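Visitor: Sharing entry31.cif, mmCIF, C-alpha atoms:
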```cif
data_upload
#
loop_
_atom_site.group_PDB
_atom_site.id
_atom_site.type_symbol
_atom_site.label_atom_id
_atom_site.label_comp_id
_atom_site.auth_asym_id
_atom_site.auth_seq_id
_atom_site.Cartn_x
_atom_site.Cartn_y
_atom_site.Cartn_z
ATOM 1 C CA GLY A 118 -53.117 -14.703 -12.040
ATOM 2 C CA ILE A 119 -56.512 -14.150 -10.453
ATOM 3 C CA LEU A 120 -58.349 -15.959 -13.244
ATOM 4 C CA LYS A 121 -56.277 -19.114 -12.825
ATOM 5 C CA SER A 122 -56.743 -19.010 -9.043
ATOM 6 C CA ILE A 123 -60.512 -18.989 -9.603
ATOM 7 C CA PHE A 124 -60.442 -21.718 -12.259
ATOM 8 C CA CYS A 125 -58.408 -24.002 -9.988
ATOM 9 C CA PHE A 126 -61.512 -24.331 -7.799
ATOM 10 C CA LEU A 127 -63.556 -25.707 -10.705
ATOM 11 C CA ALA A 128 -64.127 -29.371 -11.474
ATOM 12 C CA GLU A 129 -62.822 -30.985 -14.645
ATOM 13 C CA PRO A 130 -66.171 -30.960 -16.550
ATOM 14 C CA ASP A 131 -66.583 -27.237 -15.830
ATOM 15 C CA LEU A 132 -63.101 -26.455 -17.148
ATOM 16 C CA LEU A 133 -63.665 -28.443 -20.334
ATOM 17 C CA ARG A 134 -67.295 -27.624 -21.156
ATOM 18 C CA SER A 135 -68.180 -24.313 -19.511
ATOM 19 C CA VAL A 136 -65.024 -22.223 -19.225
ATOM 20 C CA SER A 137 -62.895 -23.138 -22.263
ATOM 21 C CA PRO A 138 -65.454 -22.152 -24.966
ATOM 22 C CA VAL A 139 -65.837 -18.566 -23.634
ATOM 23 C CA CYS A 140 -62.756 -17.069 -25.311
ATOM 24 C CA THR A 141 -59.133 -17.825 -26.177
ATOM 25 C CA LYS A 142 -57.781 -16.281 -22.974
ATOM 26 C CA TRP A 143 -60.129 -18.308 -20.802
ATOM 27 C CA ALA A 144 -59.306 -21.470 -22.767
ATOM 28 C CA ASP A 145 -55.575 -20.906 -22.177
ATOM 29 C CA VAL A 146 -56.027 -20.372 -18.444
ATOM 30 C CA ALA A 147 -58.485 -23.284 -18.173
ATOM 31 C CA THR A 148 -55.867 -25.542 -19.766
ATOM 32 C CA GLU A 149 -53.317 -24.497 -17.150
ATOM 33 C CA ALA A 150 -55.848 -25.097 -14.378
ATOM 34 C CA HIS A 151 -56.681 -28.508 -15.860
ATOM 35 C CA ALA A 152 -52.989 -29.422 -15.904
ATOM 36 C CA GLU A 153 -52.703 -28.388 -12.246
ATOM 37 C CA LEU A 154 -55.718 -30.577 -11.484
ATOM 38 C CA MET A 155 -53.982 -33.564 -13.082
ATOM 39 C CA LEU A 156 -50.914 -32.915 -10.914
ATOM 40 C CA MET A 157 -53.114 -32.707 -7.816
ATOM 41 C CA SER A 158 -54.846 -35.952 -8.774
ATOM 42 C CA VAL A 159 -51.623 -37.861 -8.070
ATOM 43 C CA GLY A 160 -50.587 -35.641 -5.162
ATOM 44 C CA CYS A 161 -48.183 -33.334 -7.014
ATOM 45 C CA THR A 162 -48.337 -29.539 -6.876
ATOM 46 C CA GLY A 163 -46.329 -26.524 -7.934
ATOM 47 C CA PHE A 164 -44.684 -27.885 -11.084
ATOM 48 C CA LEU A 165 -46.490 -25.387 -13.320
ATOM 49 C CA SER A 166 -45.951 -22.300 -11.200
ATOM 50 C CA ALA A 167 -43.726 -19.557 -12.562
ATOM 51 C CA ASP A 168 -41.132 -19.859 -9.792
ATOM 52 C CA SER A 169 -40.819 -23.653 -9.794
ATOM 53 C CA GLU A 170 -38.741 -25.907 -11.984
ATOM 54 C CA PHE A 171 -39.743 -29.490 -12.636
ATOM 55 C CA ASP A 172 -37.122 -31.990 -11.546
ATOM 56 C CA ASN A 173 -37.515 -35.669 -12.401
ATOM 57 C CA GLU A 174 -35.159 -36.669 -9.620
ATOM 58 C CA SER A 175 -36.954 -34.773 -6.868
ATOM 59 C CA ASP A 176 -38.371 -36.787 -3.969
ATOM 60 C CA ASP A 177 -39.563 -33.732 -2.057
ATOM 61 C CA GLU A 178 -42.718 -34.805 -0.236
ATOM 62 C CA SER A 179 -43.876 -31.182 -0.087
ATOM 63 C CA THR A 180 -44.352 -31.154 -3.865
ATOM 64 C CA CYS A 181 -45.576 -34.710 -4.249
ATOM 65 C CA SER A 182 -47.426 -36.100 -1.270
ATOM 66 C CA GLY A 183 -49.717 -38.503 -3.137
ATOM 67 C CA ASP A 184 -52.517 -37.809 -0.657
ATOM 68 C CA ASP A 185 -54.237 -34.748 -2.110
ATOM 69 C CA THR A 186 -56.641 -36.206 -4.669
ATOM 70 C CA PRO A 187 -59.731 -33.993 -5.082
ATOM 71 C CA LYS A 188 -62.662 -35.907 -3.597
ATOM 72 C CA TYR A 189 -64.890 -35.515 -6.661
ATOM 73 C CA LEU A 190 -62.344 -37.497 -8.710
ATOM 74 C CA GLU A 191 -62.760 -40.536 -6.447
ATOM 75 C CA LYS A 192 -65.155 -43.168 -7.805
ATOM 76 C CA SER A 193 -66.576 -46.356 -6.312
ATOM 77 C CA TRP A 194 -66.342 -50.010 -7.344
ATOM 78 C CA ASN A 195 -69.936 -49.791 -8.554
ATOM 79 C CA TYR A 196 -69.081 -46.805 -10.789
ATOM 80 C CA LEU A 197 -66.085 -48.631 -12.247
ATOM 81 C CA THR A 198 -67.957 -51.834 -13.074
ATOM 82 C CA SER A 199 -71.250 -50.279 -14.195
ATOM 83 C CA THR A 200 -69.794 -47.485 -16.325
ATOM 84 C CA PHE A 201 -67.281 -49.792 -17.994
ATOM 85 C CA PRO A 202 -68.944 -53.234 -18.121
ATOM 86 C CA TRP A 203 -66.735 -54.503 -20.955
ATOM 87 C CA ALA A 204 -63.062 -54.064 -21.747
ATOM 88 C CA ARG A 205 -60.158 -55.483 -23.703
ATOM 89 C CA PHE A 206 -56.571 -55.459 -22.464
ATOM 90 C CA LEU A 207 -54.359 -53.670 -24.995
ATOM 91 C CA ALA A 208 -50.895 -53.139 -23.525
ATOM 92 C CA GLU A 209 -48.787 -52.588 -20.446
ATOM 93 C CA GLY A 210 -45.891 -50.156 -20.090
ATOM 94 C CA GLY A 211 -43.612 -48.978 -17.318
ATOM 95 C CA PHE A 212 -46.254 -46.864 -15.589
ATOM 96 C CA LYS A 213 -49.659 -48.087 -16.709
ATOM 97 C CA GLN A 214 -51.924 -50.609 -18.365
ATOM 98 C CA VAL A 215 -54.088 -49.577 -21.317
ATOM 99 C CA PHE A 216 -57.553 -50.969 -22.038
ATOM 100 C CA LYS A 217 -60.189 -50.530 -24.709
ATOM 101 C CA VAL A 218 -63.460 -50.129 -22.804
ATOM 102 C CA PHE A 219 -67.139 -49.695 -23.499
ATOM 103 C CA ASN A 220 -68.521 -46.611 -21.755
ATOM 104 C CA HIS A 221 -72.078 -47.602 -20.879
ATOM 105 C CA LYS A 222 -73.101 -44.027 -20.037
ATOM 106 C CA HIS A 223 -72.062 -42.552 -23.385
ATOM 107 C CA ARG A 224 -72.571 -45.770 -25.386
ATOM 108 C CA THR A 225 -69.144 -45.547 -26.991
ATOM 109 C CA GLU A 226 -65.785 -47.301 -26.994
ATOM 110 C CA GLU A 227 -62.852 -45.475 -25.397
ATOM 111 C CA ALA A 228 -59.271 -46.078 -24.328
ATOM 112 C CA VAL A 229 -58.527 -46.015 -20.594
ATOM 113 C CA SER A 230 -55.106 -46.118 -18.966
ATOM 114 C CA VAL A 231 -54.772 -47.393 -15.397
ATOM 115 C CA MET A 232 -51.934 -46.569 -13.016
ATOM 116 C CA ASP A 233 -51.158 -47.938 -9.554
ATOM 117 C CA ILE A 234 -50.548 -44.641 -7.764
ATOM 118 C CA LYS A 235 -49.342 -46.181 -4.490
ATOM 119 C CA MET A 236 -46.795 -48.323 -6.321
ATOM 120 C CA LEU A 237 -45.518 -45.380 -8.373
ATOM 121 C CA LYS A 238 -45.241 -43.198 -5.274
ATOM 122 C CA GLY A 239 -43.305 -45.926 -3.485
ATOM 123 C CA SER A 240 -40.880 -46.291 -6.396
ATOM 124 C CA GLY A 241 -40.287 -42.538 -6.617
ATOM 125 C CA GLU A 242 -41.768 -42.265 -10.121
ATOM 126 C CA ILE A 243 -44.849 -40.216 -9.227
ATOM 127 C CA ASN A 244 -43.290 -36.899 -10.305
ATOM 128 C CA ILE A 245 -42.780 -38.238 -13.825
ATOM 129 C CA VAL A 246 -46.340 -39.527 -13.959
ATOM 130 C CA GLY A 247 -47.709 -36.193 -12.737
ATOM 131 C CA ALA A 248 -45.799 -34.348 -15.446
ATOM 132 C CA GLU A 249 -47.044 -36.810 -18.090
ATOM 133 C CA LEU A 250 -50.651 -36.247 -17.032
ATOM 134 C CA ALA A 251 -50.245 -32.468 -17.070
ATOM 135 C CA VAL A 252 -48.654 -32.463 -20.513
ATOM 136 C CA SER A 253 -51.297 -34.849 -21.882
ATOM 137 C CA VAL A 254 -54.169 -32.476 -21.030
ATOM 138 C CA MET A 255 -52.244 -29.542 -22.506
ATOM 139 C CA LEU A 256 -51.793 -31.421 -25.779
ATOM 140 C CA SER A 257 -55.415 -32.568 -25.629
ATOM 141 C CA SER A 258 -56.444 -28.918 -25.470
ATOM 142 C CA LEU A 259 -54.759 -28.330 -28.834
ATOM 143 C CA VAL A 260 -56.970 -31.010 -30.381
ATOM 144 C CA ARG A 261 -60.223 -29.779 -28.802
ATOM 145 C CA ARG A 262 -59.523 -26.206 -29.887
ATOM 146 C CA GLY A 263 -58.705 -27.197 -33.454
ATOM 147 C CA VAL A 264 -55.052 -26.117 -33.265
ATOM 148 C CA CYS A 265 -53.514 -29.529 -33.964
ATOM 149 C CA PRO A 266 -55.301 -32.866 -34.534
ATOM 150 C CA ASN A 267 -52.244 -35.068 -33.978
ATOM 151 C CA PHE A 268 -52.614 -35.782 -30.257
ATOM 152 C CA VAL A 269 -54.889 -37.942 -28.114
ATOM 153 C CA VAL A 270 -57.941 -36.240 -26.596
ATOM 154 C CA THR A 271 -58.072 -36.696 -22.812
ATOM 155 C CA ARG A 272 -61.742 -36.729 -21.831
ATOM 156 C CA GLY A 273 -61.312 -37.045 -18.083
ATOM 157 C CA ALA A 274 -59.642 -38.697 -15.128
ATOM 158 C CA PHE A 275 -60.818 -40.429 -11.971
ATOM 159 C CA SER A 276 -59.344 -42.497 -9.164
ATOM 160 C CA CYS A 277 -60.663 -45.657 -7.557
ATOM 161 C CA PRO A 278 -59.500 -47.680 -4.544
ATOM 162 C CA PHE A 279 -59.906 -50.884 -6.556
ATOM 163 C CA LYS A 280 -57.994 -52.314 -9.485
ATOM 164 C CA PRO A 281 -60.162 -52.992 -12.584
ATOM 165 C CA PRO A 282 -61.409 -56.611 -12.451
ATOM 166 C CA ALA A 283 -59.347 -58.849 -14.735
ATOM 167 C CA LYS A 284 -62.400 -61.098 -15.278
ATOM 168 C CA ILE A 285 -64.067 -58.177 -17.061
ATOM 169 C CA TRP A 286 -61.265 -55.916 -18.258
ATOM 170 C CA GLY A 287 -58.816 -58.616 -19.255
ATOM 171 C CA SER A 288 -55.108 -59.164 -18.661
ATOM 172 C CA GLU A 289 -51.924 -60.027 -20.506
ATOM 173 C CA ASN A 290 -52.872 -63.713 -20.481
ATOM 174 C CA ASN A 291 -56.593 -63.263 -21.204
ATOM 175 C CA LYS A 292 -57.021 -60.090 -23.194
ATOM 176 C CA CYS A 293 -60.775 -60.170 -23.792
ATOM 177 C CA PRO A 294 -62.619 -62.334 -21.224
ATOM 178 C CA LYS A 295 -66.062 -60.928 -22.124
ATOM 179 C CA GLY A 296 -65.771 -61.475 -25.868
ATOM 180 C CA ASP A 297 -64.770 -59.243 -28.772
ATOM 181 C CA LEU A 298 -67.801 -56.946 -28.512
ATOM 182 C CA TYR A 299 -69.978 -55.617 -25.718
ATOM 183 C CA LEU A 300 -73.328 -57.385 -25.497
ATOM 184 C CA SER A 301 -75.791 -56.004 -22.989
ATOM 185 C CA PRO A 302 -76.706 -58.843 -20.600
ATOM 186 C CA LYS A 303 -80.347 -59.612 -19.849
ATOM 187 C CA VAL A 304 -79.520 -59.834 -16.162
ATOM 188 C CA LYS A 305 -76.920 -57.399 -14.908
ATOM 189 C CA LYS A 306 -74.681 -58.779 -12.181
ATOM 190 C CA VAL A 307 -72.346 -56.467 -10.292
ATOM 191 C CA PRO A 308 -68.979 -58.161 -9.613
ATOM 192 C CA LYS A 309 -68.166 -58.636 -5.952
ATOM 193 C CA GLU A 310 -66.169 -55.771 -4.480
ATOM 194 C CA PRO A 311 -62.578 -56.840 -3.678
ATOM 195 C CA LYS A 312 -61.349 -56.794 -0.105
ATOM 196 C CA THR A 313 -57.949 -55.435 -1.094
ATOM 197 C CA ARG A 314 -57.873 -51.679 -1.521
ATOM 198 C CA GLY A 315 -55.286 -49.503 -3.186
ATOM 199 C CA ARG A 316 -55.233 -46.357 -5.270
ATOM 200 C CA TYR A 317 -55.649 -46.552 -9.001
ATOM 201 C CA GLN A 318 -56.145 -43.838 -11.565
#
```
Give the structure from this file in structure tokens form.
Guide:
Amino acid sequence: GILKSIFCFLAEPDLLRSVSPVCTKWADVATEAHAELMLMSVGCTGFLSADSEFDNESDDESTCSGDDTPKYLEKSWNYLTSTFPWARFLAEGGFKQVFKVFNHKHRTEEAVSVMDIKMLKGSGEINIVGAELAVSVMLSSLVRRGVCPNFVVTRGAFSCPFKPPAKIWGSENNKCPKGDLYLSPKVKKVPKEPKTRGRYQ
């Protein structure tokens, strides 16, 4: 509808903080727009439209190009390392790695999942990942609106051309290189930006 077409132009913080609290109808449409945004973030579109049917086996580049990430979702190496100066490796699955991180901006611990978008696109799995992201924000909406508390709250998404630094975020072999707790250093040193670029989200 017209409302969803308008909401699809809004950024993620606007959908979550400004639009959703207005009324139930707006919250429903904002959730759909948020799900579409998650699909766009990995280059997938159209899976939530009324005349489309999601197909896990589809390799149609017109529905999943992998090159359409909204620019405001793209973050720099400096953002990645300064916002999350401490992390602990938790697990690795088929599509992503999961870390416990300290969010320096909000002064709180959070869970962050990291996916290699280029690798997933090359393996033909990006459609599945796009659907997982869309469903996750829909379920998150149920928690935020007090409908059901039994799902994980998705607070946001961003992409970065650099993989999180293992010396800070940890790895399978060294889960917590910066210690068990975040301790603010007296002298803050920004890790050197890697030469190898990719696409991580």
Visitor: Within 8 Å of range 123-136 of chain A, counting all atoms listed in the file, which residues show up once you throw out same-chain ones fewer than 6 positions away? Write them as a short mmCIF file (atom, residue, chain, number, x, y, z; two decimals) with C-alpha atoms, keeping the file's coordinate frame, please.
Guide:
```
data_model
loop_
_atom_site.label_atom_id
_atom_site.label_comp_id
_atom_site.auth_asym_id
_atom_site.auth_seq_id
_atom_site.Cartn_x
_atom_site.Cartn_y
_atom_site.Cartn_z
CA TRP A 143 -60.13 -18.31 -20.80
CA ALA A 144 -59.31 -21.47 -22.77
CA VAL A 146 -56.03 -20.37 -18.44
CA ALA A 147 -58.48 -23.28 -18.17
CA THR A 148 -55.87 -25.54 -19.77
CA ALA A 150 -55.85 -25.10 -14.38
CA HIS A 151 -56.68 -28.51 -15.86
CA GLU A 153 -52.70 -28.39 -12.25
CA LEU A 154 -55.72 -30.58 -11.48
CA TYR A 189 -64.89 -35.52 -6.66
CA GLY A 273 -61.31 -37.04 -18.08
#
```
Visitor: Find, counting only C-alpha atoms, the residue in A:Met255, A:Ile234, A:Leu207, A:Leu197 that gets nearest to Arg272 in chain A.
Guide: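 Checking each candidate against Arg272 in chain A, we get A:Met255 as the closest.
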Visitor: For the atom pair CA of Arg316 in chain A and CA of Pro278 in chain A, what is the interatomic distance in Å to one decimal place?
Guide: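 It comes out at 4.5 Å.
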Visitor: Could you name the residues that touch Tyr317 in chain A at 9 Å or less, counting only C-alpha atoms, but leaving out those on the same chain fewer than 6 positions away, as a PyMOL selection string?
Guide: chain A and resi 231-235+275-281
Visitor: Counting all atoms listed in the file, figure out which residue out of A:Gln214, A:Thr198, A:Gln318, A:Ser137 gets nearest to Lys292 in chain A.
Guide: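 Among the listed residues, A:Gln214 lies closest to Lys292 in chain A.
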Visitor: Calculated over all atoms listed in the file, which of the candidates A:Val215, A:Ala208, A:Ser240, A:Ser258 has the smallest distance to Ala152 in chain A?
Guide: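 Ranked by minimum distance to Ala152 in chain A, first place goes to A:Ser258.
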Visitor: Around (-45.6, -36.2, -14.9) in the file's own coordinates, what residues are found within 10 Å if you use only C-alpha atoms, given back as a PyMOL selection string?
Guide: chain A and resi 155-156+159+161+164+171+173+242-253
Visitor: Using all atoms of range 293-300 of chain A listed in the file and a margin of 5 Å per side, can you give the axis-aligned box centre and edge lengths in Å to one decimal, as JSON?
Guide:
```
{"center_x": -67.1, "center_y": -59.0, "center_z": -25.0, "size_x": 22.6, "size_y": 16.7, "size_z": 17.5}
```
Visitor: Show which residues sit within 12 Å of Ala228 in chain A, as an NGL selection string. Count all atoms listed in the file, and ignore same-chain residues fewer than 5 positions away.
Guide: :A and (201 or 203-208 or 214-220 or 269-274 or 286)
Visitor: Between A:Asn267, A:Pro202, A:Val139, A:Leu300, single out the one closest to Ala283 in chain A, counting all atoms listed in the file.
Guide: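 With all atoms listed in the file as the atom set, the closest residue is A:Pro202.
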Visitor: Determine the nearest neighbour of Lys222 in chain A from the options A:Tyr196, A:Lys238, A:Thr141, A:Leu259, counting all atoms listed in the file.
Guide: A:Tyr196
Visitor: State, in Å with one decimal place, the distance from CA of Asp145 in chain A to CA of Arg262 in chain A.
Guide: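 Between these atoms lies a distance of 10.2 Å.
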Visitor: Would you mind reading off the distance between CA of Lys309 in chain A and CA of Gly211 in chain A, one decimal, in Å?
Guide: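 Result for CA of Lys309 in chain A versus CA of Gly211 in chain A: 28.7 Å, one decimal.
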